[in-house]
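Here the structure comes first, spelled out in structure tokens, and everything after it is commentary.
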Amino acid sequence: MRILLKFLLLSIFIFSCSSTKDYSYFDENTIEISKKAFNKKRQTRKYLPITIDSTTLKLTTREKRGTLKNVSKFIETLEVGLNTKLDTSKPIAIIFYPGEDDCNNSGTTNKEWIKNWHEQLEDGLEQVAQIKPLYVYKDSKDIEDYYGLLDWKQDPNQFIEQLFFKHHYPCKSFVVISGKGDYISYFGEFPKEFVWEAAQILK
């Protein structure tokens, strides 16, 4: 009986230790940091935490700037994949929906509010760059709130995701690409003004 009791106590101890195992934390340069330093950087809102695996969290910068290596191939693939014609003399703005997540689930389902927000987004883009955004989704699950409001097109063969959104960023993200291939992307929930500013810079 005493041996059995010791075994039970040892099992409970091992389980409690394993269930409270902490994450490993890495900054945006993949350097391991403390949980405190991780949370301090995260609070600046310049970074997003992404899950690498069940025990690893890493920060990523919310904005990325770069240049596509082959912009003509990018345009051609996008036009064919989305069945659309693009004006390469103007920037291309893409709003990317990654699929269902906690952020999408907690957002508003008020269709009037959703419609007004996107109308304002489009009005601003028309003013600064005379363009309309493309709405691209990875996974249509939980996108029904947008049905009848926006012209969503599925990401062709994960083309946009692999180029610009290699992780699942919460809510929606965006990227604006110039005719020369320069781009500005922003990961996770964003204000309309950020899209307008990116289009203004790249027009």
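Ordering of the structure tokens sets the chain letters (A, B, ...); residue numbers start at 1 within each chain; ligands are numbered from 1 in the order shown.
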Need the shell around range 188-195 of chain A: protein/DNA/RNA residues with any atom at most 12 Å away, counting only C-alpha atoms. Skip same-chain ones fewer than 4 positions apart. Format as a short mmCIF file (atom, residue, chain, number, x, y, z; two decimals) with C-alpha atoms, in the first residue's frame?
data_model
loop_
_atom_site.label_atom_id
_atom_site.label_comp_id
_atom_site.auth_asym_id
_atom_site.auth_seq_id
_atom_site.Cartn_x
_atom_site.Cartn_y
_atom_site.Cartn_z
CA ARG A 45 2.66 46.52 -31.17
CA LYS A 46 5.49 46.46 -33.70
CA TYR A 47 5.59 42.68 -33.44
CA LEU A 48 3.24 39.71 -33.65
CA PRO A 49 3.77 36.40 -31.84
CA ILE A 50 3.63 33.34 -34.08
CA THR A 60 7.82 38.70 -36.19
CA THR A 61 7.82 42.31 -37.30
CA ARG A 62 4.37 43.42 -38.40
CA GLU A 63 5.61 45.31 -41.45
CA PRO A 91 0.06 49.64 -57.26
CA ILE A 92 -1.72 46.38 -56.54
CA ALA A 93 -3.35 46.17 -53.11
CA ILE A 94 -4.24 42.71 -51.78
CA ILE A 95 -6.28 42.06 -48.64
CA PHE A 96 -5.49 38.51 -47.50
CA TYR A 97 -7.81 36.38 -45.36
CA PRO A 98 -5.95 33.41 -43.78
CA ASP A 101 -8.87 32.06 -36.06
CA ASP A 102 -9.65 33.61 -32.65
CA CYS A 103 -9.41 37.13 -34.07
CA ASN A 104 -11.87 36.44 -36.88
CA GLY A 107 -14.90 40.25 -34.71
CA ASN A 116 -19.01 50.64 -44.46
CA TRP A 117 -15.46 49.79 -43.32
CA HIS A 118 -14.52 48.34 -46.69
CA GLU A 119 -16.23 51.13 -48.61
CA GLN A 120 -14.09 53.61 -46.68
CA LEU A 121 -11.00 51.51 -47.38
CA GLU A 122 -11.80 51.50 -51.11
CA ASP A 123 -12.63 55.23 -51.19
CA GLY A 124 -9.25 56.02 -49.64
CA LEU A 125 -7.38 53.82 -52.11
CA GLU A 126 -9.25 55.46 -54.98
CA VAL A 128 -4.50 58.13 -53.15
CA ALA A 129 -3.77 55.71 -56.01
CA ILE A 131 -7.07 51.53 -57.41
CA LYS A 132 -9.40 48.98 -55.88
CA PRO A 133 -8.10 46.22 -53.61
CA PHE A 165 2.21 35.40 -45.67
CA HIS A 167 2.55 32.09 -41.26
CA HIS A 168 -1.07 32.35 -40.16
CA TYR A 169 -1.39 35.96 -39.04
CA PRO A 170 -4.61 36.79 -37.13
CA CYS A 171 -7.65 38.45 -38.73
CA LYS A 172 -6.48 39.71 -42.12
CA SER A 173 -3.24 41.07 -43.56
CA PHE A 174 -2.42 43.17 -46.59
CA VAL A 175 0.30 43.71 -49.15
CA VAL A 176 0.72 46.53 -51.68
CA ILE A 177 2.99 45.94 -54.69
CA TYR A 183 6.15 45.90 -51.86
CA ILE A 184 4.99 46.72 -48.35
CA ALA A 199 -0.35 52.72 -51.71
CA GLN A 200 0.71 56.38 -51.53
CA ILE A 201 4.36 55.39 -51.06
CA LEU A 202 4.36 52.84 -53.89
#
Those of range 85-194 of chain A in DSSP helix (DSSP H, G or I), formatted as a ChimeraX atom specification: /A:102-106,111-129,144-146,156-164,192-194
Export of prior selection with N, CA and C atoms as a compact mmCIF listing (two decimals), in the first residue's frame:
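Contents of out-v7.txt, as written:
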# COMPACT_ATOMS: atom_id res chain seq x y z
N ASP A 102 -8.99 32.96 -33.79
CA ASP A 102 -9.65 33.61 -32.65
C ASP A 102 -10.01 35.06 -32.97
N CYS A 103 -9.16 35.72 -33.72
CA CYS A 103 -9.41 37.13 -34.07
C CYS A 103 -10.64 37.25 -34.96
N ASN A 104 -10.71 36.40 -35.99
CA ASN A 104 -11.87 36.44 -36.88
C ASN A 104 -13.15 36.07 -36.15
N ASN A 105 -13.05 35.09 -35.25
CA ASN A 105 -14.23 34.64 -34.53
C ASN A 105 -14.76 35.69 -33.56
N SER A 106 -13.87 36.55 -33.07
CA SER A 106 -14.28 37.54 -32.08
C SER A 106 -14.70 38.87 -32.71
N LYS A 111 -23.13 43.19 -40.82
CA LYS A 111 -22.82 43.35 -42.24
C LYS A 111 -22.78 44.82 -42.66
N GLU A 112 -23.59 45.66 -42.03
CA GLU A 112 -23.58 47.08 -42.37
C GLU A 112 -22.25 47.71 -41.99
N TRP A 113 -21.74 47.34 -40.80
CA TRP A 113 -20.44 47.86 -40.34
C TRP A 113 -19.33 47.37 -41.26
N ILE A 114 -19.34 46.07 -41.60
CA ILE A 114 -18.33 45.49 -42.49
C ILE A 114 -18.35 46.19 -43.84
N LYS A 115 -19.54 46.41 -44.37
CA LYS A 115 -19.68 47.07 -45.67
C LYS A 115 -19.13 48.49 -45.62
N ASN A 116 -19.48 49.25 -44.58
CA ASN A 116 -19.01 50.64 -44.46
C ASN A 116 -17.49 50.71 -44.32
N TRP A 117 -16.91 49.79 -43.53
CA TRP A 117 -15.46 49.79 -43.32
C TRP A 117 -14.73 49.59 -44.65
N HIS A 118 -15.19 48.64 -45.43
CA HIS A 118 -14.52 48.34 -46.69
C HIS A 118 -14.81 49.40 -47.76
N GLU A 119 -15.96 50.02 -47.70
CA GLU A 119 -16.23 51.13 -48.61
C GLU A 119 -15.28 52.30 -48.33
N GLN A 120 -15.03 52.56 -47.05
CA GLN A 120 -14.09 53.61 -46.68
C GLN A 120 -12.67 53.25 -47.12
N LEU A 121 -12.30 51.98 -46.93
CA LEU A 121 -11.00 51.51 -47.38
C LEU A 121 -10.84 51.74 -48.89
N GLU A 122 -11.85 51.38 -49.66
CA GLU A 122 -11.80 51.50 -51.11
C GLU A 122 -11.82 52.97 -51.56
N ASP A 123 -12.60 53.80 -50.87
CA ASP A 123 -12.63 55.23 -51.19
C ASP A 123 -11.25 55.85 -51.00
N GLY A 124 -10.59 55.49 -49.91
CA GLY A 124 -9.25 56.02 -49.64
C GLY A 124 -8.24 55.59 -50.68
N LEU A 125 -8.30 54.32 -51.10
CA LEU A 125 -7.38 53.82 -52.11
C LEU A 125 -7.64 54.48 -53.46
N GLU A 126 -8.90 54.75 -53.75
CA GLU A 126 -9.25 55.46 -54.98
C GLU A 126 -8.66 56.86 -54.98
N GLN A 127 -8.70 57.52 -53.84
CA GLN A 127 -8.19 58.88 -53.74
C GLN A 127 -6.66 58.94 -53.86
N VAL A 128 -5.96 58.03 -53.19
CA VAL A 128 -4.50 58.13 -53.15
C VAL A 128 -3.81 57.48 -54.35
N ALA A 129 -4.46 56.44 -54.94
CA ALA A 129 -3.77 55.71 -56.01
C ALA A 129 -4.67 55.28 -57.17
N GLU A 144 -18.16 33.69 -44.27
CA GLU A 144 -19.53 33.92 -44.73
C GLU A 144 -20.06 35.31 -44.38
N ASP A 145 -19.48 35.97 -43.38
CA ASP A 145 -19.92 37.33 -43.03
C ASP A 145 -19.68 38.31 -44.17
N TYR A 146 -18.78 37.95 -45.09
CA TYR A 146 -18.44 38.84 -46.21
C TYR A 146 -19.23 38.51 -47.48
N PRO A 156 -4.71 31.31 -55.59
CA PRO A 156 -4.40 30.22 -56.53
C PRO A 156 -3.15 29.44 -56.13
N ASN A 157 -3.36 28.18 -55.75
CA ASN A 157 -2.24 27.29 -55.36
C ASN A 157 -1.37 27.90 -54.27
N GLN A 158 -2.02 28.63 -53.34
CA GLN A 158 -1.32 29.28 -52.21
C GLN A 158 -0.20 30.21 -52.69
N PHE A 159 -0.40 30.80 -53.85
CA PHE A 159 0.60 31.68 -54.46
C PHE A 159 0.90 32.90 -53.60
N ILE A 160 -0.16 33.62 -53.20
CA ILE A 160 0.01 34.83 -52.38
C ILE A 160 0.55 34.48 -51.00
N GLU A 161 -0.01 33.42 -50.42
CA GLU A 161 0.43 33.01 -49.08
C GLU A 161 1.92 32.71 -49.07
N GLN A 162 2.40 31.93 -50.03
CA GLN A 162 3.81 31.53 -50.03
C GLN A 162 4.75 32.70 -50.29
N LEU A 163 4.28 33.69 -51.03
CA LEU A 163 5.12 34.85 -51.31
C LEU A 163 5.20 35.82 -50.13
N PHE A 164 4.04 36.08 -49.52
CA PHE A 164 3.98 37.18 -48.54
C PHE A 164 3.56 36.78 -47.12
N LYS A 192 -7.30 51.06 -41.82
CA LYS A 192 -7.39 51.42 -43.24
C LYS A 192 -6.24 52.34 -43.65
N GLU A 193 -5.88 53.24 -42.74
CA GLU A 193 -4.86 54.24 -43.05
C GLU A 193 -3.53 53.60 -43.45
N PHE A 194 -3.21 52.43 -42.91
CA PHE A 194 -1.94 51.77 -43.24
C PHE A 194 -1.92 51.34 -44.71
Interatomic distance (Å, one decimal) between CA of Asp139 in chain A and CA of Phe74 in chain A: 21.4 Å
Selection: 12 Å around Phe38 in chain A, only C-alpha atoms, excl. self and same-chain fewer than 4 positions, as a list in words: Tyr23, Ser24, Tyr25, Phe26, Asp27, Glu28, Thr30, Ile31, Glu32, Ile33, Ser34, Arg42, Gln43, Thr44, Arg45, Tyr47, Leu48, Pro49, Ile50, Thr56, Leu57, Lys58, Leu59 and Thr60 of chain A
Selected residues, C-alpha atoms, written as an mmCIF file, in the first residue's frame, please.
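And here's out22.cif as it stands now:
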data_model
loop_
_atom_site.group_PDB
_atom_site.id
_atom_site.type_symbol
_atom_site.label_atom_id
_atom_site.label_comp_id
_atom_site.auth_asym_id
_atom_site.auth_seq_id
_atom_site.Cartn_x
_atom_site.Cartn_y
_atom_site.Cartn_z
ATOM 1 C CA TYR A 23 7.378 27.997 -23.936
ATOM 2 C CA SER A 24 10.706 28.828 -25.497
ATOM 3 C CA TYR A 25 10.666 32.461 -26.624
ATOM 4 C CA PHE A 26 12.514 33.966 -29.590
ATOM 5 C CA ASP A 27 12.754 37.516 -30.879
ATOM 6 C CA GLU A 28 12.338 38.595 -34.502
ATOM 7 C CA THR A 30 15.378 34.061 -33.850
ATOM 8 C CA ILE A 31 17.465 34.765 -30.756
ATOM 9 C CA GLU A 32 16.104 33.122 -27.604
ATOM 10 C CA ILE A 33 14.944 35.638 -24.991
ATOM 11 C CA SER A 34 13.123 35.526 -21.683
ATOM 12 C CA ARG A 42 5.191 42.388 -27.936
ATOM 13 C CA GLN A 43 3.516 45.288 -26.096
ATOM 14 C CA THR A 44 5.100 47.794 -28.483
ATOM 15 C CA ARG A 45 2.659 46.517 -31.168
ATOM 16 C CA TYR A 47 5.589 42.679 -33.442
ATOM 17 C CA LEU A 48 3.243 39.708 -33.649
ATOM 18 C CA PRO A 49 3.772 36.400 -31.835
ATOM 19 C CA ILE A 50 3.632 33.337 -34.075
ATOM 20 C CA THR A 56 7.984 27.631 -29.251
ATOM 21 C CA LEU A 57 6.808 31.205 -29.772
ATOM 22 C CA LYS A 58 8.592 33.700 -32.015
ATOM 23 C CA LEU A 59 8.105 37.394 -32.656
ATOM 24 C CA THR A 60 7.817 38.696 -36.191
#
